Structure formats: C-alpha cells, structure tokens
>>> print(open('entry.pdb').read())   # PDB, C-alpha atoms
ATOM      1  CA  MET A 767     -17.608 -39.896  18.459
ATOM      2  CA  ASN A 768     -14.864 -38.647  16.228
ATOM      3  CA  ASN A 769     -12.163 -37.051  18.404
ATOM      4  CA  ALA A 770     -11.774 -34.184  15.916
ATOM      5  CA  LEU A 771     -15.357 -33.108  16.678
ATOM      6  CA  ALA A 772     -15.056 -33.438  20.459
ATOM      7  CA  PRO A 773     -14.389 -29.694  21.042
ATOM      8  CA  PHE A 774     -17.687 -28.890  19.328
ATOM      9  CA  ASN A 775     -19.787 -31.212  21.481
ATOM     10  CA  LEU A 776     -21.415 -28.958  24.092
ATOM     11  CA  LEU A 777     -22.558 -31.814  26.286
ATOM     12  CA  ALA A 778     -19.047 -33.272  26.408
ATOM     13  CA  ALA A 779     -17.626 -29.856  27.284
ATOM     14  CA  VAL A 780     -20.162 -29.430  30.081
ATOM     15  CA  GLY A 781     -19.307 -32.855  31.459
ATOM     16  CA  ALA A 782     -15.598 -32.090  31.310
ATOM     17  CA  ALA A 783     -16.132 -28.786  33.086
ATOM     18  CA  THR A 784     -18.108 -30.326  35.936
ATOM     19  CA  GLY A 785     -16.386 -33.674  36.131
ATOM     20  CA  ALA A 786     -19.762 -35.403  35.811
ATOM     21  CA  ASP A 787     -21.214 -37.565  33.095
ATOM     22  CA  ALA A 788     -22.181 -35.139  30.319
ATOM     23  CA  ALA A 789     -25.445 -36.817  29.448
ATOM     24  CA  ALA A 790     -26.509 -36.890  33.091
ATOM     25  CA  ALA A 791     -25.324 -33.346  33.842
ATOM     26  CA  VAL A 792     -27.227 -31.554  31.110
ATOM     27  CA  GLY A 793     -29.417 -33.485  28.769
ATOM     28  CA  VAL A 794     -31.720 -31.587  26.490
ATOM     29  CA  ALA A 795     -34.354 -34.284  26.927
ATOM     30  CA  ASP A 796     -34.046 -33.904  30.708
ATOM     31  CA  SER A 797     -34.678 -30.155  30.611
ATOM     32  CA  PRO A 798     -37.487 -28.820  32.807
ATOM     33  CA  TRP A 799     -40.874 -28.170  31.234
ATOM     34  CA  TYR A 800     -40.493 -24.389  31.451
ATOM     35  CA  VAL A 801     -37.394 -24.518  29.227
ATOM     36  CA  TRP A 802     -39.364 -26.357  26.541
ATOM     37  CA  ILE A 803     -42.238 -23.868  26.886
ATOM     38  CA  SER A 804     -39.822 -20.947  26.532
ATOM     39  CA  TYR A 805     -38.421 -22.450  23.316
ATOM     40  CA  LEU A 806     -41.919 -23.031  21.959
ATOM     41  CA  VAL A 807     -42.959 -19.435  22.739
ATOM     42  CA  ALA A 808     -39.720 -18.086  21.228
ATOM     43  CA  ALA A 809     -40.219 -20.103  18.028
ATOM     44  CA  ALA A 810     -43.810 -18.870  17.697
ATOM     45  CA  LEU A 811     -42.689 -15.269  18.212
ATOM     46  CA  PHE A 812     -39.943 -15.633  15.586
ATOM     47  CA  ILE A 813     -42.444 -16.990  13.047
ATOM     48  CA  LEU A 814     -44.899 -14.193  13.813
ATOM     49  CA  SER A 815     -42.062 -11.689  13.604
ATOM     50  CA  LEU A 816     -41.197 -12.784  10.068
ATOM     51  CA  LYS A 817     -44.839 -12.574   9.031
ATOM     52  CA  TRP A 818     -45.353  -9.130  10.561
ATOM     53  CA  LEU A 819     -42.117  -7.780   9.095
ATOM     54  CA  SER A 820     -43.472  -8.379   5.589
ATOM     55  CA  HIS A 821     -45.842  -5.378   5.719
ATOM     56  CA  PRO A 822     -45.008  -1.762   6.654
ATOM     57  CA  ARG A 823     -48.123  -1.416   8.806
ATOM     58  CA  THR A 824     -47.141  -4.328  11.094
ATOM     59  CA  ALA A 825     -43.340  -4.013  10.875
ATOM     60  CA  ARG A 826     -42.946  -2.421  14.324
ATOM     61  CA  ARG A 827     -44.954  -5.255  15.869
ATOM     62  CA  GLY A 828     -42.709  -7.718  14.026
ATOM     63  CA  VAL A 829     -39.531  -6.140  15.364
ATOM     64  CA  ARG A 830     -40.925  -6.176  18.904
ATOM     65  CA  ALA A 831     -42.006  -9.824  18.570
ATOM     66  CA  GLY A 832     -38.523 -10.772  17.383
ATOM     67  CA  GLU A 833     -36.915  -8.942  20.296
ATOM     68  CA  VAL A 834     -39.179 -10.601  22.847
ATOM     69  CA  GLY A 835     -38.675 -13.998  21.179
ATOM     70  CA  MET A 836     -34.908 -13.679  21.415
ATOM     71  CA  ALA A 837     -35.110 -12.624  25.059
ATOM     72  CA  VAL A 838     -37.338 -15.615  25.866
ATOM     73  CA  ALA A 839     -34.925 -17.968  24.071
ATOM     74  CA  ILE A 840     -31.932 -16.556  25.953
ATOM     75  CA  VAL A 841     -33.676 -16.855  29.316
ATOM     76  CA  GLY A 842     -34.709 -20.446  28.501
ATOM     77  CA  THR A 843     -31.149 -21.381  27.588
ATOM     78  CA  LEU A 844     -29.745 -19.745  30.713
ATOM     79  CA  LEU A 845     -32.262 -21.646  32.831
ATOM     80  CA  MET A 846     -31.314 -24.934  31.182
ATOM     81  CA  TYR A 847     -27.565 -24.550  31.694
ATOM     82  CA  PHE A 848     -27.536 -22.377  34.814
ATOM     83  CA  GLY A 849     -25.168 -23.737  37.433
ATOM     84  CA  VAL A 850     -23.586 -26.254  35.072
ATOM     85  CA  SER A 851     -21.687 -24.296  32.459
ATOM     86  CA  VAL A 852     -23.186 -20.807  32.452
ATOM     87  CA  THR A 853     -22.763 -18.116  35.033
ATOM     88  CA  LEU A 854     -24.772 -14.931  34.996
ATOM     89  CA  LYS A 855     -21.593 -12.870  35.154
ATOM     90  CA  TYR A 856     -20.544 -13.839  31.626
ATOM     91  CA  ALA A 857     -24.085 -13.554  30.271
ATOM     92  CA  LEU A 858     -24.417 -10.035  31.660
ATOM     93  CA  ILE A 859     -20.990  -9.036  30.292
ATOM     94  CA  GLY A 860     -22.060 -10.235  26.836
ATOM     95  CA  MET A 861     -25.366  -8.381  27.025
ATOM     96  CA  VAL A 862     -23.668  -5.142  28.091
ATOM     97  CA  LEU A 863     -21.029  -5.379  25.357
ATOM     98  CA  GLY A 864     -23.661  -6.146  22.725
ATOM     99  CA  SER A 865     -25.804  -3.242  23.884
ATOM    100  CA  LEU A 866     -22.858  -0.846  23.865
ATOM    101  CA  ILE A 867     -22.119  -1.811  20.258
ATOM    102  CA  GLY A 868     -25.671  -2.206  18.953
ATOM    103  CA  ALA A 869     -27.533   0.699  20.541
ATOM    104  CA  PRO A 870     -25.496   3.509  18.933
ATOM    105  CA  MET A 871     -25.734   1.741  15.573
ATOM    106  CA  ALA A 872     -29.516   1.467  15.883
ATOM    107  CA  ILE A 873     -30.031   5.020  17.149
ATOM    108  CA  TRP A 874     -27.742   7.081  14.913
ATOM    109  CA  MET A 875     -27.502   5.097  11.683
ATOM    110  CA  PRO A 876     -29.821   6.450   8.968
ATOM    111  CA  MET A 877     -32.342   4.143   7.353
ATOM    112  CA  THR A 878     -30.567   4.527   4.004
ATOM    113  CA  ALA A 879     -27.558   2.732   5.505
ATOM    114  CA  VAL A 880     -29.429  -0.417   6.573
ATOM    115  CA  PRO A 881     -27.504  -2.729   4.163
ATOM    116  CA  GLN A 882     -24.207  -1.479   5.587
ATOM    117  CA  ARG A 883     -25.518  -1.893   9.139
ATOM    118  CA  THR A 884     -26.575  -5.449   8.360
ATOM    119  CA  ALA A 885     -23.129  -6.210   6.957
ATOM    120  CA  LEU A 886     -21.495  -4.730  10.055
ATOM    121  CA  SER A 887     -23.764  -6.786  12.347
ATOM    122  CA  HIS A 888     -22.849  -9.950  10.430
ATOM    123  CA  ALA A 889     -19.180  -9.061  10.778
ATOM    124  CA  PHE A 890     -19.558  -8.707  14.561
ATOM    125  CA  GLY A 891     -21.369 -12.052  14.643
ATOM    126  CA  ALA A 892     -18.522 -13.689  12.737
ATOM    127  CA  LEU A 893     -16.015 -12.059  15.060
ATOM    128  CA  ALA A 894     -17.875 -13.431  18.090
ATOM    129  CA  ALA A 895     -17.885 -16.938  16.633
TER     130      ALA A 895
END
>>> encode(input="entry.pdb", output="structure tokens")
Amino acid sequence: MNNALAPFNLLAAVGAATGADAAAAVGVADSPWYVWISYLVAAALFILSLKWLSHPRTARRGVRAGEVGMAVAIVGTLLMYFGVSVTLKYALIGMVLGSLIGAPMAIWMPMTAVPQRTALSHAFGALAA
C-alpha cells in the first residue's frame, strides 16, 4: 500500500491501535451475520425512503424510514467495531452533540428556509470531516 494513503486505511489504523494484525482484528468479511443483516435492512430502508420521499402523501413515512435506516446502520457499525476501535463513550458524545445542533434547527426553522438548512447541515458535515 502507498504510505501516503496509510492514514486513511481504517483496518490499518485499527490494527495499530490494538497492536494486532489489522486484517485479523477487524475484517469486514469476518463480521458476524447480524452486522450484515443490519446493513441489508438499512440499505432497503434507505431505498424505500427515497421512493416514499417522492410523493407528499408518503413523505412522512419516507423520513421515518430514513431515520430508522440510519439508526440500524449506526448500530451495525458499532457492533462490528465494538471493543476494537470504538467505545460507546465517543459514540454517545457524538450523538448528543449532533442532537443538540440538529434538533433546534429541525424544530424552529421554517419550511421556507429548507435550502439554507440543507446548506448549513452540509457545512457541519464538512466541519466534522
């Protein structure tokens, strides 16, 4: 592997953090069956969410499906990396910070300001990256 890309290799970072062989410590192919099922369910919910968001009558169902799909994907990822490189403390801190920022925006921002809200959400995503 190119040494310039080494910081971006998650498996190498996990192996360095644990002192174990990265491929043996956390291999995506070695993930338990319930992690794969959670990803499959999350993908199906995301696809259904996009379909349901295309019509005003089913838009609320689409939003809910997207929310549940994201929660399932997060739980699946935490289960896959739990104990190796992820601790619940940091996951909970991130969820609380995201909720403190996102909930007031969702509750008090008028629907006419949705493009600005989307831009602000993208800015926070870029800041987090």
>>> resolve_selection(input="entry.pdb", expression="the PyMOL selection byres ((chain A and resi 857) around 12)", output="mmCIF file with C-alpha atoms, in the coordinates of the input")
data_model
loop_
_atom_site.group_PDB
_atom_site.id
_atom_site.type_symbol
_atom_site.label_atom_id
_atom_site.label_comp_id
_atom_site.auth_asym_id
_atom_site.auth_seq_id
_atom_site.Cartn_x
_atom_site.Cartn_y
_atom_site.Cartn_z
ATOM 1 C CA ILE A 840 -31.932 -16.556 25.953
ATOM 2 C CA VAL A 841 -33.676 -16.855 29.316
ATOM 3 C CA THR A 843 -31.149 -21.381 27.588
ATOM 4 C CA LEU A 844 -29.745 -19.745 30.713
ATOM 5 C CA LEU A 845 -32.262 -21.646 32.831
ATOM 6 C CA TYR A 847 -27.565 -24.550 31.694
ATOM 7 C CA PHE A 848 -27.536 -22.377 34.814
ATOM 8 C CA SER A 851 -21.687 -24.296 32.459
ATOM 9 C CA VAL A 852 -23.186 -20.807 32.452
ATOM 10 C CA THR A 853 -22.763 -18.116 35.033
ATOM 11 C CA LEU A 854 -24.772 -14.931 34.996
ATOM 12 C CA LYS A 855 -21.593 -12.870 35.154
ATOM 13 C CA TYR A 856 -20.544 -13.839 31.626
ATOM 14 C CA LEU A 858 -24.417 -10.035 31.660
ATOM 15 C CA ILE A 859 -20.990 -9.036 30.292
ATOM 16 C CA GLY A 860 -22.060 -10.235 26.836
ATOM 17 C CA MET A 861 -25.366 -8.381 27.025
ATOM 18 C CA VAL A 862 -23.668 -5.142 28.091
ATOM 19 C CA LEU A 863 -21.029 -5.379 25.357
ATOM 20 C CA GLY A 864 -23.661 -6.146 22.725
#
>>> atom_distance(input="entry.pdb", atom1="CA of Gly842 in chain A", atom2="CA of Val801 in chain A")
4.9 Å
>>> atom_distance(input="entry.pdb", atom1="CA of Leu811 in chain A", atom2="CA of Arg827 in chain A")
10.5 Å
>>> residues_around(input="entry.pdb", residues="Ala872 in chain A", least_positions_apart="5", cutoff="12 Å", atoms="only C-alpha atoms", output="ChimeraX atom specification")
/A:864-867,877,879-880,882-884,886-887
>>> atom_distance(input="entry.pdb", atom1="CA of Gly868 in chain A", atom2="CA of Ala894 in chain A")
13.7 Å
>>> closest_residue(input="entry.pdb", among="A:Ala895, A:Ala889, A:Leu814, A:Met846", to="Gly832 in chain A", atoms="only C-alpha atoms")
A:Leu814
>>> closest_residue(input="entry.pdb", among="A:Ala831, A:Ala825, A:Ala892, A:Ala869", to="Ile813 in chain A", atoms="all atoms listed in the file")
A:Ala831
>>> axis_aligned_box(input="entry.pdb", around="range 825-832 of chain A", padding_each_side="3 Å", output="lines of an AutoDock Vina configuration file")
center_x = -41.7
center_y = -6.6
center_z = 14.9
size_x = 12.4
size_y = 14.4
size_z = 14.0
>>> resolve_selection(input="entry.pdb", expression="the PyMOL selection byres ((chain A and resi 803) around 12)", output="ChimeraX atom specification")
/A:797-802,804-810,835,838-839,841-843,845-846
>>> write_last_selection(input="entry.pdb", atoms="C-alpha atoms", output="short mmCIF file (atom, residue, chain, number, x, y, z; two decimals), in the coordinates of the input")
data_model
loop_
_atom_site.label_atom_id
_atom_site.label_comp_id
_atom_site.auth_asym_id
_atom_site.auth_seq_id
_atom_site.Cartn_x
_atom_site.Cartn_y
_atom_site.Cartn_z
CA SER A 797 -34.68 -30.16 30.61
CA PRO A 798 -37.49 -28.82 32.81
CA TRP A 799 -40.87 -28.17 31.23
CA TYR A 800 -40.49 -24.39 31.45
CA VAL A 801 -37.39 -24.52 29.23
CA TRP A 802 -39.36 -26.36 26.54
CA SER A 804 -39.82 -20.95 26.53
CA TYR A 805 -38.42 -22.45 23.32
CA LEU A 806 -41.92 -23.03 21.96
CA VAL A 807 -42.96 -19.43 22.74
CA ALA A 808 -39.72 -18.09 21.23
CA ALA A 809 -40.22 -20.10 18.03
CA ALA A 810 -43.81 -18.87 17.70
CA GLY A 835 -38.67 -14.00 21.18
CA VAL A 838 -37.34 -15.62 25.87
CA ALA A 839 -34.92 -17.97 24.07
CA VAL A 841 -33.68 -16.86 29.32
CA GLY A 842 -34.71 -20.45 28.50
CA THR A 843 -31.15 -21.38 27.59
CA LEU A 845 -32.26 -21.65 32.83
CA MET A 846 -31.31 -24.93 31.18
#
>>> closest_residue(input="entry.pdb", among="A:Asp796, A:Ser815, A:His888, A:Pro876", to="Val834 in chain A", atoms="only C-alpha atoms")
A:Ser815
